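First comes the structure, then the notes that go with it.
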Number of protein chains: 2
Amino acid sequence: MREDDFVAAIRAIVEDVPLPRRVVLGIGDDAAVWQPSRSHLAVIASDALVDGVHFRWDAMSAANVGRRALAANLSDIAAMGARPMLATVSLGVPESADLDRILEGYRGMQSLARETRTRIVGGDVVRMPALTFAITVVGEVRPSNLKRRDGGRAGDVIAVTGALGASRAGLEVLLRSPVVKECERQAALAAYERPEPRLREGRWFGASANVHAMMDLSDGLSSDLARLARASGCGARIETIPAHGAARAVAIAAGDDPERYALDGGEDYELLVAIAPRAFGHLSRRFERHFGRPLLRIGALTSEPDLQLASEGGESPLVPAGWESLA
Amino acid sequence: MREDDFVAAIRAIVEDVPLPRRVVLGIGDDAAVWQPSRSHLAVIASDALVDGVHFRWDAMSAANVGRRALAANLSDIAAMGARPMLATVSLGVPESADLDRILEGYRGMQSLARETRTRIVGGDVVRMPALTFAITVVGEVRPSNLKRRDGGRAGDVIAVTGALGASRAGLEVLLRSPVVKECERQAALAAYERPEPRLREGRWFGASANVHAMMDLSDGLSSDLARLARASGCGARIETIPAHGAARAVAIAAGDDPERYALDGGEDYELLVAIAPRAFGHLSRRFERHFGRPLLRIGALTSEPDLQLASEGGESPLVPAGWESLA
């Protein structure tokens, strides 16, 4: 069973009763949404990160492991257009673990919590066979600013907030040390070890009615874009693959295809947005002025289902090949 | 390092900035609390349950495993006087896992969600070496009805909502099949496999100003009462150990001390309350009329620190010996 099918089966089980009046959005987006008061929506996202699966405790600084675990969760909050408010952390501790080093991981997590004004309010400490951070973040958003992944329309411009594949390249650097220039090695490592959740960008997009759909890129563009397109009742065509320079350099040194790093690598934590085509030019100029880097146009939503990759010779189907939790 | 010391170290790290204005309660109670609107408080509790540590996937029905994982979390919501609203579930799936059986576990979880009107709104599916349910529940409570564990006063009557130790006995039955009467075997197994979160009782206590402090019994009376007493700036004296009949039978058959099951066994998920002494008689009669079973008086909060166990020969110190996550 693939992850999406498994999640669909879970969804069928829990949706045997309709959503309560004040729950706006259940399983199937980056976060769930409910309405605690008239003026605000609350969003909630949970993401677990496991040693050996989502990070490398032995190969990374403890502070970066903790920071990255929170970053992955904050990225889901960013993808709703929300601001984070508080977080709980269930920590799984193996018997052999160095507790002082885990506290160092907590300090790294807290550094990002402080920067993003997220309060860690509780959680749990349990024995687990592998070091695990199971984090839940609650955020807030004005009802008019909430962005879901199912609001895209055929013809919408698809764009991303940054070049992709560098995180995948960073993992390659960490595991196999391919020979690349020092600056590219550092850029790839930084992308893997210290991803920045795009919270400011997410709220900025939240304020624009021309942004029809938004999600974060955690599993890889090919899988995540397929999800956004399907949720919106569309397909998508990728015209430009925004591969990061460090992803190109590392992939070539490792004998891999740079475009696969960008399409399938995952963990870039950039935002993927569907924007009204008439508004894209203006919005992307404002984005660049505001954030000092470009909003990268990569293609469009289409009325035909599935993903297509445009190339000189025409279009070819693109099979989602990003991260599979249950692979 | 013991769990309480480790959590204290975590708390020192995350409390380097003061609580935001709308966060009422951070680490250190059954749940954290914030105020999304004037009329309501929201509470949030996270608890992870791991195969081999908190349940036995191979020896239990899958439905009961799922149900129990949610019950443990709902118990924390009950302990705040709140009603549950929604939950997220981060599921850790080992490579060898039978996904259909895990869906059966989800059905069990959903059965309790339906009974308690808790909506499962999302979560995550990840690879983990052991089957894990990391659950976060959000609940609501009127500000006047919130119960914390730090409100107890010296002289308060300490009471519990049910007899203790049966869950510990159920684990014994599951693992080692001691020879006991069938009805006691069944009662012990039910206590371990299908604990009932005391949500109705928690809200009922929440409505009484004479209930000064409340928490749920997850780690064992000796550890949890020590926490409530310490948080309240008190000690406590236990006069009666409310051992469950099935706990007595199983402990004796297994060659164990029944009182240790009741004091240290854990996972009973009964509520522990500190009640104004003048109000106890009236409140306990109303409790029994309302719920059809007695509120069990077990002792009192004291002005001297630490726990004492009263017996015919006087008092002896009681060392907390409940569940230790990091043991």
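Identifiers for the structure tokens are assigned positionally: chains receive A, B, ... in sequence, residues are indexed from 1 per chain, and ligands are indexed from 1 in the order shown.
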
Self-check item: Residue list (alpha helix (DSSP H), DSSP) for stretch 100-160 of chain A, as a PyMOL selection string
Solution: chain A and resi 100-115

Could you save those same residues with N, CA and C atoms as a JSON list (two decimals), in the first residue's frame?
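Final output, saved to part.json:
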[["chain", "number", "residue", "atom", "x", "y", "z"],
["A", 100, "ASP", "N", 22.24, 14.52, 27.62],
["A", 100, "ASP", "CA", 22.78, 15.88, 27.52],
["A", 100, "ASP", "C", 22.80, 16.35, 26.07],
["A", 101, "ARG", "N", 23.10, 15.41, 25.17],
["A", 101, "ARG", "CA", 23.12, 15.77, 23.75],
["A", 101, "ARG", "C", 21.69, 16.05, 23.27],
["A", 102, "ILE", "N", 20.72, 15.31, 23.80],
["A", 102, "ILE", "CA", 19.32, 15.57, 23.43],
["A", 102, "ILE", "C", 18.90, 16.96, 23.92],
["A", 103, "LEU", "N", 19.36, 17.34, 25.11],
["A", 103, "LEU", "CA", 19.06, 18.70, 25.59],
["A", 103, "LEU", "C", 19.68, 19.74, 24.66],
["A", 104, "GLU", "N", 20.86, 19.42, 24.11],
["A", 104, "GLU", "CA", 21.48, 20.31, 23.13],
["A", 104, "GLU", "C", 20.57, 20.42, 21.90],
["A", 105, "GLY", "N", 19.95, 19.32, 21.50],
["A", 105, "GLY", "CA", 18.97, 19.34, 20.41],
["A", 105, "GLY", "C", 17.79, 20.24, 20.76],
["A", 106, "TYR", "N", 17.35, 20.17, 22.01],
["A", 106, "TYR", "CA", 16.26, 21.04, 22.46],
["A", 106, "TYR", "C", 16.65, 22.51, 22.36],
["A", 107, "ARG", "N", 17.93, 22.79, 22.67],
["A", 107, "ARG", "CA", 18.38, 24.19, 22.58],
["A", 107, "ARG", "C", 18.31, 24.67, 21.13],
["A", 108, "GLY", "N", 18.66, 23.78, 20.19],
["A", 108, "GLY", "CA", 18.55, 24.16, 18.78],
["A", 108, "GLY", "C", 17.10, 24.40, 18.40],
["A", 109, "MET", "N", 16.22, 23.53, 18.88],
["A", 109, "MET", "CA", 14.79, 23.69, 18.59],
["A", 109, "MET", "C", 14.29, 25.02, 19.17],
["A", 110, "GLN", "N", 14.72, 25.31, 20.40],
["A", 110, "GLN", "CA", 14.28, 26.52, 21.07],
["A", 110, "GLN", "C", 14.79, 27.77, 20.34],
["A", 111, "SER", "N", 15.98, 27.68, 19.71],
["A", 111, "SER", "CA", 16.50, 28.86, 19.00],
["A", 111, "SER", "C", 15.54, 29.22, 17.86],
["A", 112, "LEU", "N", 15.02, 28.21, 17.16],
["A", 112, "LEU", "CA", 14.06, 28.49, 16.08],
["A", 112, "LEU", "C", 12.71, 28.90, 16.66],
["A", 113, "ALA", "N", 12.34, 28.29, 17.79],
["A", 113, "ALA", "CA", 11.08, 28.67, 18.44],
["A", 113, "ALA", "C", 11.11, 30.15, 18.81],
["A", 114, "ARG", "N", 12.26, 30.60, 19.32],
["A", 114, "ARG", "CA", 12.39, 32.00, 19.73],
["A", 114, "ARG", "C", 12.28, 32.92, 18.52],
["A", 115, "GLU", "N", 13.02, 32.56, 17.45],
["A", 115, "GLU", "CA", 13.00, 33.39, 16.25],
["A", 115, "GLU", "C", 11.61, 33.52, 15.65]]

If the cut-off is 6 Å, can you tell me the residues of chain A near chain B, counting only C-alpha atoms? I'd like them as a CSV table (one decimal) with C-alpha atoms, in the first residue's frame.
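Result file follows (part.csv):
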chain,number,residue,atom,x,y,z
A,14,VAL,CA,-12.3,8.9,10.7
A,26,GLY,CA,-9.7,17.8,8.4
A,27,ILE,CA,-7.2,15.3,7.0
A,32,ALA,CA,-6.2,20.9,10.0
A,37,SER,CA,-13.6,32.4,17.8
A,46,SER,CA,1.8,17.2,13.4
A,47,ASP,CA,5.0,15.8,11.9
A,110,GLN,CA,14.3,26.5,21.1
A,121,VAL,CA,4.3,24.3,25.9
A,122,GLY,CA,4.5,20.6,26.6
A,123,GLY,CA,4.8,17.1,25.3
A,124,ASP,CA,6.0,13.8,26.5
A,126,VAL,CA,9.0,8.1,26.1
A,325,SER,CA,6.8,7.2,3.9

Show which residues sit within 7 Å of A:Arg198, as an mmCIF file with N, CA and C atoms, in the first residue's frame. Count only C-alpha atoms, and ignore same-chain residues fewer than 3 positions away.
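The result, stored in part29.cif:
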data_model
loop_
_atom_site.group_PDB
_atom_site.id
_atom_site.type_symbol
_atom_site.label_atom_id
_atom_site.label_comp_id
_atom_site.auth_asym_id
_atom_site.auth_seq_id
_atom_site.Cartn_x
_atom_site.Cartn_y
_atom_site.Cartn_z
ATOM 1 N N SER A 75 6.907 24.645 8.729
ATOM 2 C CA SER A 75 6.674 24.768 7.296
ATOM 3 C C SER A 75 5.215 24.465 6.938
ATOM 4 N N ALA A 78 3.298 27.542 7.839
ATOM 5 C CA ALA A 78 3.534 28.562 6.808
ATOM 6 C C ALA A 78 2.645 28.307 5.599
ATOM 7 N N GLU A 201 6.878 34.426 4.100
ATOM 8 C CA GLU A 201 6.350 34.294 2.751
ATOM 9 C C GLU A 201 4.921 33.745 2.791
ATOM 10 N N GLY A 202 4.690 32.751 3.656
ATOM 11 C CA GLY A 202 3.361 32.153 3.742
ATOM 12 C C GLY A 202 2.307 33.173 4.139
ATOM 13 N N GLU A 270 10.347 24.732 0.693
ATOM 14 C CA GLU A 270 9.887 25.938 0.003
ATOM 15 C C GLU A 270 8.366 25.841 -0.123
ATOM 16 N N LEU A 271 7.732 26.968 -0.409
ATOM 17 C CA LEU A 271 6.290 26.959 -0.634
ATOM 18 C C LEU A 271 5.984 26.821 -2.124
#

Self-check item: Minimum-distance residue to B:Asp156, chosen among B:Gly292, B:Gly265, B:Pro277, B:Pro317 (using only C-alpha atoms)
Solution: B:Pro277

Practice problem: May I have all residues of stretch 101-267 of chain A that DSSP, computed from the backbone, assigns to strand (DSSP E), given as number ranges by chain? | Solution: A: 119-127, 132-141, 157-160, 211-216, 235-238

Within 7 Å of A:Arg148 using only C-alpha atoms, minus same-chain residues under 3 positions, as a JSON list (two decimals) with C-alpha atoms, in the first residue's frame:
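Now in part-v5.json:
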[["chain", "number", "residue", "atom", "x", "y", "z"],
["A", 29, "ASP", "CA", -4.06, 19.43, 3.76],
["A", 80, "MET", "CA", -1.65, 27.60, 5.50],
["A", 151, "GLY", "CA", -8.18, 26.10, -4.32],
["A", 213, "ALA", "CA", -3.68, 27.36, -3.37],
["A", 214, "MET", "CA", -0.55, 26.79, -1.32]]

Exercise. Could you tell me how far atom CA of B:Arg286 lies from atom CA of B:Asn210, in Å and to one decimal?
Key: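 Atom-to-atom, atom CA of B:Arg286 and atom CA of B:Asn210 are spaced 12.9 Å apart.
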
Quiz item: Could you name the residues that touch A:Ala188 at 10 Å or less, counting only C-alpha atoms, but leaving out those on the same chain fewer than 4 positions away, as a list of chain:residue names?
Solution: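 Contacts, in chain order: A:Gly165, A:Ala166, A:Ser167, A:Arg168, A:Ala169, A:Gly170, A:Leu171, A:Glu172, A:Val173, A:Leu174, A:Glu182, A:Cys183, A:Glu184, A:Tyr192, A:Glu193, A:Arg194, A:His244, A:Gly245, A:Ala246, A:Ala247, A:Ala249, A:Val250.
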
Quiz prompt | Near-A:Leu272 list (10 Å; only C-alpha atoms; drop same-chain fewer than 2 positions) as number ranges by chain | solution = A: 79, 149, 158-162, 202, 213-217, 221, 224-225, 228, 269-270, 274-275, 296-298
